[in-house]
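Reviewing the structure listed below.
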Number of protein chains: 2
Amino acid sequence: MAERTRFDLSPDELPTAWFNIMPAIVQAGLQPLPPLHPGTHEPVTPDLLAPLFPMALIEQEVSTEEWIDIPGAVLDIYRLWRTTPLYRATRLEQALQTPARIYFKYEGTSAPGSHKPNTAVAQAYYNKEAGVRRLATETGAGQWGSALAMACRFFDLECLVYMVKASYEQKPYRRVFMETFGAEVIPSPSSTTNAGKTILEAHPDSTGSLGIAISEAIEIAATNEDTNYSLGSVLNHVLLHQSVIGLEAKRQMELAGERPDVVVGCVGGGSNYSGLAYPFMADRLRGVSPDMRFLATEPAACPTLTKGRFAWDFGDTGKMTPLLPMYTLGHDFVPAPVHAGGLRYHGDAPSLSLLVRDGHMEAAAYSQNAVFEAALQFAHAQGIVPAPESAHAIRGAIDEAVAAREAGEERVILLGLSGHGDFDMQAYDDYLNGRLPEVEFRQEDLDESMAGVPEVSFGG
Amino acid sequence: MAERTRFDLSPDELPTAWFNIMPAIVQAGLQPLPPLHPGTHEPVTPDLLAPLFPMALIEQEVSTEEWIDIPGAVLDIYRLWRTTPLYRATRLEQALQTPARIYFKYEGTSAPGSHKPNTAVAQAYYNKEAGVRRLATETGAGQWGSALAMACRFFDLECLVYMVKASYEQKPYRRVFMETFGAEVIPSPSSTTNAGKTILEAHPDSTGSLGIAISEAIEIAATNEDTNYSLGSVLNHVLLHQSVIGLEAKRQMELAGERPDVVVGCVGGGSNYSGLAYPFMADRLRGVSPDMRFLATEPAACPTLTKGRFAWDFGDTGKMTPLLPMYTLGHDFVPAPVHAGGLRYHGDAPSLSLLVRDGHMEAAAYSQNAVFEAALQFAHAQGIVPAPESAHAIRGAIDEAVAAREAGEERVILLGLSGHGDFDMQAYDDYLNGRLPEVEFRQEDLDESMAGVPEVSFGG
């Protein structure tokens, strides 16, 4: 009989509680820093977030509980595509002639094609429970907007999506996907908000950024009683919901009889990678697997973890969010238009930033052509054409596998494959025809991009 | 605990042999008719097909064996995405307020997003074994070309795809998907073949058809020693390879503790639907399930089974294929450009045509807007945005569920969901904006469209 290459869980093994990394982080002696009020620089209190989020999500945002039950209505939706498969990539291993064993957890089997529905469904549920009528959000490449559009439809909420104008124009089919689920999609910057108008006055031809689109969505939520805001990454409660990825993967690796030596993922705001990594990271923090390595990957054009600074910074361009303690390139930074739109964000999740800063997680940045080279190598071996975002993780995993070959050692690599590339064919066309520019953020430009970041003396 | 909605097979339950319906058809007293030589009108002999297909596939084409072992190398590739999930669509049932129970077998989890790789991988394998260097084929909407491009890459074959020009221009991302796997894609009609040149001389602005593209691909295969031809539907060996769908579904329905009352699918050439239906059909033909119903669905713009005639006709416009005994609208017929490109074919598989003619299978045709209405109803309930082709089957299943509600009776519906609609967003955009014309083939035009079909007196 052939060696097993797929490790499925039974429907009964769908996780019924989300995993919160914060207790393990505190127990390990790391010191999480609070988000700060942008005016007073004092830690934000839950009531400051109440105009934007339902109380249930605010409680999750600051929770010190390790496990939080998943509501039955959310589980019912998860069952439409979860549990997701974990595969061993034996054909890729053979192509690389590596003694490493590569496993990948694949989140592309959800309808929107990525991990994003894991939190979109939960957020829509809690907002519906709180009596909210509409959710406003932003989207870059469109993965997040697609997921929230679907989730809102399931819970009979209206959905308003500010889509970065460059993506709105380049990826009309992502817009249509959202509209198929009834969402309203507006190119950002727009004249529907003051934040948008301000940008348009200064830069009439602005093609937008995630930071601008966030400002627009927050403004709508803050000024409309019946509308809440929804964020697709960065915040604790978002990362919490994504933990189903890693909880499943942990059981699946046990089924495979393996323990990963290194867990690799891509990081835009950090939610897909933390979702996979944190259930394993807890074992590292608690000394169960002290040698397990964690590798976060990102684009060289937006190298938040590898070239940014750890600072309190805004999550958006319009400076409407609290100050978050994180690695950042500066909230005014507009990354070059690389195709991995989901990784073009100036900051990263505070918990993930802390783990990198304190040495529990490594980070690496790759240029576009190296990323697409890895994507094609993966597709040709395993059949799946990955999202450009996910291809960063593949680049990292392949580099690990090659290093194992060169060192002549076995290595168990767990790769987070966050989504497929069905909506990213323009990027592949550009790569195949040599049209992808190599863009790299230059370290010497950091002072300039960080110029607007406030000086914060909290706790100092 | 929640009611189960997903019925997964273990990796060990992947079928290891394909199922051939022909013995059951013969045992039931039906009389399959042979394909005929276009010149002599005598039954074709295997050697006539040898310039196009490897002998292993020709043997499968005429096999009277019920089971044919799947080679290990093909199983290894199947395992990259198979077995595929079978779900119960409880949320759709609730939306329809029907006592019917709707199950769907979902083939959209393969990388190209449809059932097509089931035969593409097998065909690539046998051609590689026979020493072939390159495969030539045609594609309409692009599902088949995508699958063959992937399969050829896996077996290190070159792949040449003639893509119907209208699709080539409307769906550039399908072209890129094929190119990602290294295929060469040429818009058809082209000046690379005599068949193409002849069309272009008569109609310089021709946007092509599946029948024309088939002629081009066959000509390349017939005139190049190192190149074989590959067909994505219609022929017995193609239907055979698709039987993995129904073999899995049968076990999965057993897991669910159910026996379908009606099996519904969409039919272009017939491969996805026969793949699902034939393992169940054998039970009907053998009297195990004499009351089980089978419903084939098709577009009103190309209603081969509901308005065509049973006749010997060519499979292509250029009259290069043998004459196949099937329902046809005439090989010169060019269907209106409805979005379900995979269902725009003038003929249907001979075995499936026979089952319809002899009353073992029903057929229904739907207009575009009714089909997309069903597609959205499905997406809003189950999250999956279906391919326009698959949405025909959904229309049929919903009609069955509504009929069950109106009759006040339970009914178990098994729906074949052949693929997702990620590459069909233009169609959804057109539907959402009221731009889909209602096009219906008119029965009174049949004489004209059938004018070129030869009079055949074989066996009469």
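Please note that chains go A, B, ... in the order of the structure tokens, that every chain numbers its residues from 1, and that ligands are numbered from 1 in the order shown.
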
- Item | Residue hits in chain B, query chain A, radius 8 Å, only C-alpha atoms, as a PyMOL selection string | chain B and resi 2+4-6+8+10-11+76+79-80+109+111+150+153-154+173+176-177+180-181+376+379-385+422-423+425-426+428-429+432

- Task: Assign secondary structure with DSSP using the backbone only, and return the residues of stretch 25-120 of chain B in strand (DSSP E) as a ChimeraX atom specification.
- Result: /B:67-69,86-88,101-106

- Task: Go through B:Trp67, B:Tyr327, B:Phe441, B:Tyr229 and flag the residue nearest B:Gly270, using only C-alpha atoms for the distances.
- Result: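 Smallest distance to B:Gly270 is found for B:Tyr327.
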
- Of the candidates A:Gln368, A:Ser457, A:Ser167, A:Thr207, which one gets nearest to A:Val439 if we count only C-alpha atoms?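 Using only C-alpha atoms, the shortest distance to A:Val439 belongs to A:Gln368.
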
- Query: What gap, in Å, lies between atom CA of A:Asp445 and atom CA of A:Trp144?
  - Reply: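 One can read the atom CA of A:Asp445 to atom CA of A:Trp144 distance as 29.6 Å.
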
- Option closest in space to B:Thr119, from B:Ser289, B:Thr306, B:Asn236, B:Ser190 [counting only C-alpha atoms]: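 The closest residue to B:Thr119 is B:Asn236.
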